[in-house]
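A.B. asks: Let me begin by handing over the structure; questions about it come next.
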Amino acid sequence: MTSKAWARSVKAGALIIALTAPLSARQAGAVDIGAVLQRAGERVTEYLARAQSIMCLEKVAMQPLNVGFSAEGPARVVESELRLSWHPTPENPIPTEAKTLRQVLKVNGSPPRKKDWNNCTTPEQNDVEEQPLSILLPQQRENHTFTFDRRETLDGREAVVVAYREIRKPAVDASLGDEDENCVSFGIDGGMLGRIWIDVETHDVLRLDRSLIGLVDIPLPRKAIRGGTAYWTVERLDSSIKFKRVAFQDPEESIVLPASASKLQVIRGGGSARLRTSTQYLSYRRFITGARVIPPQ
């Protein structure tokens, strides 16, 4: 498999609305997780509806690593425009998930090329992806277990750390990206665990971490099999997202949104065995539109 064989996996990036669940200061260990999750789901639903008008610039740097986890060759930088997709309906007032829509703008500073030999990267192969904090929506919470982990100071803020674990075992979907036998794209549904840092005073999410519970085998499409190797093994898929408060004007409003994210991916048998991805979310913009009826002349 050539170095072109990247994996899209489950990316913890994009325009993700932060948890802002009310959480009063309590003695260590005396946190009512059930009540926190209930209020968190209500707040996430409210913020998702508001964030449909928010867009940002996503700047992703994908750095191949050697066996010592040092940089190996130049990083590939992809810039994209992101916006949230969240569509409640009368029949489904609280959808089970929110998604991010991505439009790639530049690759290494130039417009993307359809025939780019190395375009098998996560941003370029995924124009839509699920929001990680969708797990806090009512229909998804039942697929996880949540426990109080500890209290911790993060970036000078006191936080309650909530640990979570997916109940479902990992299910894998693999295909050829752009029908190219050298570009294998895969997704993992289930089999994740992680932690959420919640600011005790402001009730904002400060950080969200995710990792695979264990090793996951990726069966390769028939055309991608080389030398008798019919599958890859994902050894690590660790991600971490940090959040910040973004202020908007006319009208004045502040929303907690992603500031940066990092991911480490280690695949046994893949063309790019070790990959570190660093993401920045920049230039947040909010669009508020209005309409009025103009009577005929």
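Naming works like this for the structure tokens: A, B, ... for the chains as they're shown, residue 1 at the start of each chain, ligands 1 onward in shown order.
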Neighbours of Tyr284 in chain A within 8 Å (only C-alpha atoms; same-chain residues fewer than 3 positions away dropped), as a PDB file with N, CA and C atoms, in the first residue's frame?

C.D. replies:
```pdb
ATOM      1  N   ILE A  54     -23.618  29.538  11.856  1.00  0.00           N
ATOM      2  CA  ILE A  54     -22.212  29.801  12.135  1.00  0.00           C
ATOM      3  C   ILE A  54     -21.329  29.019  11.161  1.00  0.00           C
ATOM      4  N   MET A  55     -20.313  29.712  10.649  1.00  0.00           N
ATOM      5  CA  MET A  55     -19.331  29.074   9.766  1.00  0.00           C
ATOM      6  C   MET A  55     -17.935  29.401  10.283  1.00  0.00           C
ATOM      7  N   CYS A  56     -16.954  28.590   9.897  1.00  0.00           N
ATOM      8  CA  CYS A  56     -15.581  28.861  10.296  1.00  0.00           C
ATOM      9  C   CYS A  56     -14.621  28.281   9.269  1.00  0.00           C
ATOM     10  N   LEU A  57     -13.353  28.628   9.422  1.00  0.00           N
ATOM     11  CA  LEU A  57     -12.288  28.075   8.597  1.00  0.00           C
ATOM     12  C   LEU A  57     -11.584  26.981   9.389  1.00  0.00           C
ATOM     13  N   VAL A 246     -16.508  32.304  21.887  1.00  0.00           N
ATOM     14  CA  VAL A 246     -16.416  33.212  20.742  1.00  0.00           C
ATOM     15  C   VAL A 246     -17.532  34.235  20.845  1.00  0.00           C
ATOM     16  N   TYR A 281      -9.495  25.899  14.355  1.00  0.00           N
ATOM     17  CA  TYR A 281     -10.775  26.445  13.900  1.00  0.00           C
ATOM     18  C   TYR A 281     -10.689  27.960  14.016  1.00  0.00           C
TER      19      TYR A 281
END
```

A.B. asks: Can you list, as a PDB file with N, CA and C atoms, in the first residue's frame, every protein, DNA or RNA residue that comes within 10 Å of Phe146 in chain A when you count only C-alpha atoms, leaving out same-chain residues fewer than 5 positions away?

C.D. replies:
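Once everything was written out, this is out_31.pdb:
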```pdb
ATOM      1  N   ILE A  33     -24.796  12.710  38.080  1.00  0.00           N
ATOM      2  CA  ILE A  33     -24.495  12.589  36.656  1.00  0.00           C
ATOM      3  C   ILE A  33     -25.766  12.562  35.822  1.00  0.00           C
ATOM      4  N   GLY A  34     -26.813  11.871  36.304  1.00  0.00           N
ATOM      5  CA  GLY A  34     -28.058  11.796  35.558  1.00  0.00           C
ATOM      6  C   GLY A  34     -28.664  13.161  35.307  1.00  0.00           C
ATOM      7  N   LEU A  37     -26.483  15.185  32.784  1.00  0.00           N
ATOM      8  CA  LEU A  37     -26.660  14.758  31.404  1.00  0.00           C
ATOM      9  C   LEU A  37     -28.000  15.205  30.840  1.00  0.00           C
ATOM     10  N   ARG A 141     -27.540   9.126  24.272  1.00  0.00           N
ATOM     11  CA  ARG A 141     -26.981   8.890  25.611  1.00  0.00           C
ATOM     12  C   ARG A 141     -27.167   7.444  26.050  1.00  0.00           C
ATOM     13  N   VAL A 162     -16.136  14.065  33.357  1.00  0.00           N
ATOM     14  CA  VAL A 162     -17.103  12.979  33.190  1.00  0.00           C
ATOM     15  C   VAL A 162     -16.532  11.963  32.211  1.00  0.00           C
ATOM     16  N   ALA A 163     -16.426  10.713  32.636  1.00  0.00           N
ATOM     17  CA  ALA A 163     -15.930   9.647  31.756  1.00  0.00           C
ATOM     18  C   ALA A 163     -17.115   8.975  31.065  1.00  0.00           C
ATOM     19  N   TYR A 164     -16.909   8.568  29.811  1.00  0.00           N
ATOM     20  CA  TYR A 164     -17.967   7.877  29.078  1.00  0.00           C
ATOM     21  C   TYR A 164     -17.376   6.708  28.297  1.00  0.00           C
ATOM     22  N   ARG A 165     -18.251   5.774  27.954  1.00  0.00           N
ATOM     23  CA  ARG A 165     -17.831   4.577  27.219  1.00  0.00           C
ATOM     24  C   ARG A 165     -18.998   4.103  26.368  1.00  0.00           C
ATOM     25  N   GLU A 166     -18.729   3.824  25.089  1.00  0.00           N
ATOM     26  CA  GLU A 166     -19.784   3.328  24.213  1.00  0.00           C
ATOM     27  C   GLU A 166     -20.098   1.876  24.541  1.00  0.00           C
ATOM     28  N   LEU A 193     -14.224   5.274  23.938  1.00  0.00           N
ATOM     29  CA  LEU A 193     -14.373   5.773  25.309  1.00  0.00           C
ATOM     30  C   LEU A 193     -13.669   7.120  25.401  1.00  0.00           C
ATOM     31  N   GLY A 194     -13.936   7.866  26.472  1.00  0.00           N
ATOM     32  CA  GLY A 194     -13.295   9.173  26.585  1.00  0.00           C
ATOM     33  C   GLY A 194     -13.727   9.919  27.830  1.00  0.00           C
ATOM     34  N   ARG A 195     -13.414  11.218  27.841  1.00  0.00           N
ATOM     35  CA  ARG A 195     -13.732  12.084  28.981  1.00  0.00           C
ATOM     36  C   ARG A 195     -14.157  13.460  28.480  1.00  0.00           C
ATOM     37  N   ILE A 196     -15.002  14.110  29.283  1.00  0.00           N
ATOM     38  CA  ILE A 196     -15.465  15.467  28.995  1.00  0.00           C
ATOM     39  C   ILE A 196     -15.148  16.335  30.208  1.00  0.00           C
TER      40      ILE A 196
END
```

A.B. asks: Find the residue from A:Leu206, A:Leu136, A:Ile225, A:Leu82 that sits nearest to Leu176 in chain A; use only C-alpha atoms when measuring.

C.D. replies: A:Ile225

A.B. asks: Do a neighbour search on Asp173 in chain A at 7 Å with only C-alpha atoms, toss out local chain neighbours closer than 3 positions, and write the hits as a list in words.

C.D. replies: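 The residues that qualify are Phe186, Gly187 and Ile188 of chain A.
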
A.B. asks: How would the residues just chosen look if you wrote them out with C-alpha atoms as a compact mmCIF listing (two decimals), in the first residue's frame?

C.D. replies:
```
# COMPACT_ATOMS: atom_id res chain seq x y z
CA PHE A 186 -12.90 3.51 6.63
CA GLY A 187 -15.21 4.44 9.47
CA ILE A 188 -15.57 2.96 12.95
```

A.B. asks: Go through A:Lys99, A:His144, A:Lys114, A:Lys106 one by one, measure the shortest atom-to-atom distance of each to Asp127 in chain A using only C-alpha atoms, and give the residue with the smallest value.

C.D. replies: A:Lys99

A.B. asks: Tell me which of A:Gln63, A:Leu84, A:Arg207, A:Val161 sits closest to Tyr47 in chain A, counting only C-alpha atoms.

C.D. replies: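 So, comparing all the options, the nearest one is A:Leu84.
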
A.B. asks: Rounded to one decimal place, report the CA of Leu275 in chain A-CA of Lys244 in chain A distance in Å.

C.D. replies: 25.7 Å

A.B. asks: Near Arg274 in chain A, within 8 Å and counting only C-alpha atoms, which residues show up once chain neighbours fewer than 5 positions away are dropped, as a list of chain:residue names?

C.D. replies: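 Non-adjacent residues within range: A:Pro64, A:Leu65, A:Asn66, A:Val67, A:Phe69, A:Leu264, A:Gln265, A:Val266, A:Ile267.
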
A.B. asks: Show me, as number ranges by chain, the residues that have an atom within 7 Å of Val216 in chain A when counting only C-alpha atoms, minus same-chain residues fewer than 2 positions from it.

C.D. replies: A: 214, 218, 233-235

A.B. asks: Could you find all residues in range 47-190 of chain A that DSSP calls strand (DSSP E or B) from the backbone, and write them as a ChimeraX atom specification?

C.D. replies: /A:54-65,71,76-85,99-107,110,128-130,144-154,157-166,171-176,184-189

A.B. asks: Any idea what the distance is between CA of Ile135 in chain A and CA of Trp197 in chain A?

C.D. replies: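 Separation between CA of Ile135 in chain A and CA of Trp197 in chain A: 14.6 Å.
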
A.B. asks: List the spatial neighbours of Val160 in chain A as a ChimeraX atom specification - criterion: any atom at most 7 Å away, only C-alpha atoms, same-chain residues fewer than 4 positions off excluded.

C.D. replies: /A:150-152,197-200

A.B. asks: At a cut-off of 7 Å, using only C-alpha atoms, what residues contact range 74-77 of chain A? Leave out same-chain residues fewer than 4 positions from it and give the result as a list in words.

C.D. replies: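 Contacts, with the query itself left out: Lys59, Val60, Ala61, Met62, Gln63, Pro64, Val107 and Asn108 of chain A.
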
A.B. asks: Please save C-alpha atoms of the selected residues as an mmCIF file, in the first residue's frame.

C.D. replies:
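Output file selection_3.cif follows:
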```cif
data_model
loop_
_atom_site.group_PDB
_atom_site.id
_atom_site.type_symbol
_atom_site.label_atom_id
_atom_site.label_comp_id
_atom_site.auth_asym_id
_atom_site.auth_seq_id
_atom_site.Cartn_x
_atom_site.Cartn_y
_atom_site.Cartn_z
ATOM 1 C CA LYS A 59 -7.051 24.348 8.950
ATOM 2 C CA VAL A 60 -5.802 20.758 9.172
ATOM 3 C CA ALA A 61 -2.130 19.733 9.152
ATOM 4 C CA MET A 62 -1.507 15.990 8.635
ATOM 5 C CA GLN A 63 2.007 14.966 9.631
ATOM 6 C CA PRO A 64 3.348 11.442 8.900
ATOM 7 C CA VAL A 107 -4.459 22.132 -0.242
ATOM 8 C CA ASN A 108 -0.931 23.274 0.659
#
```
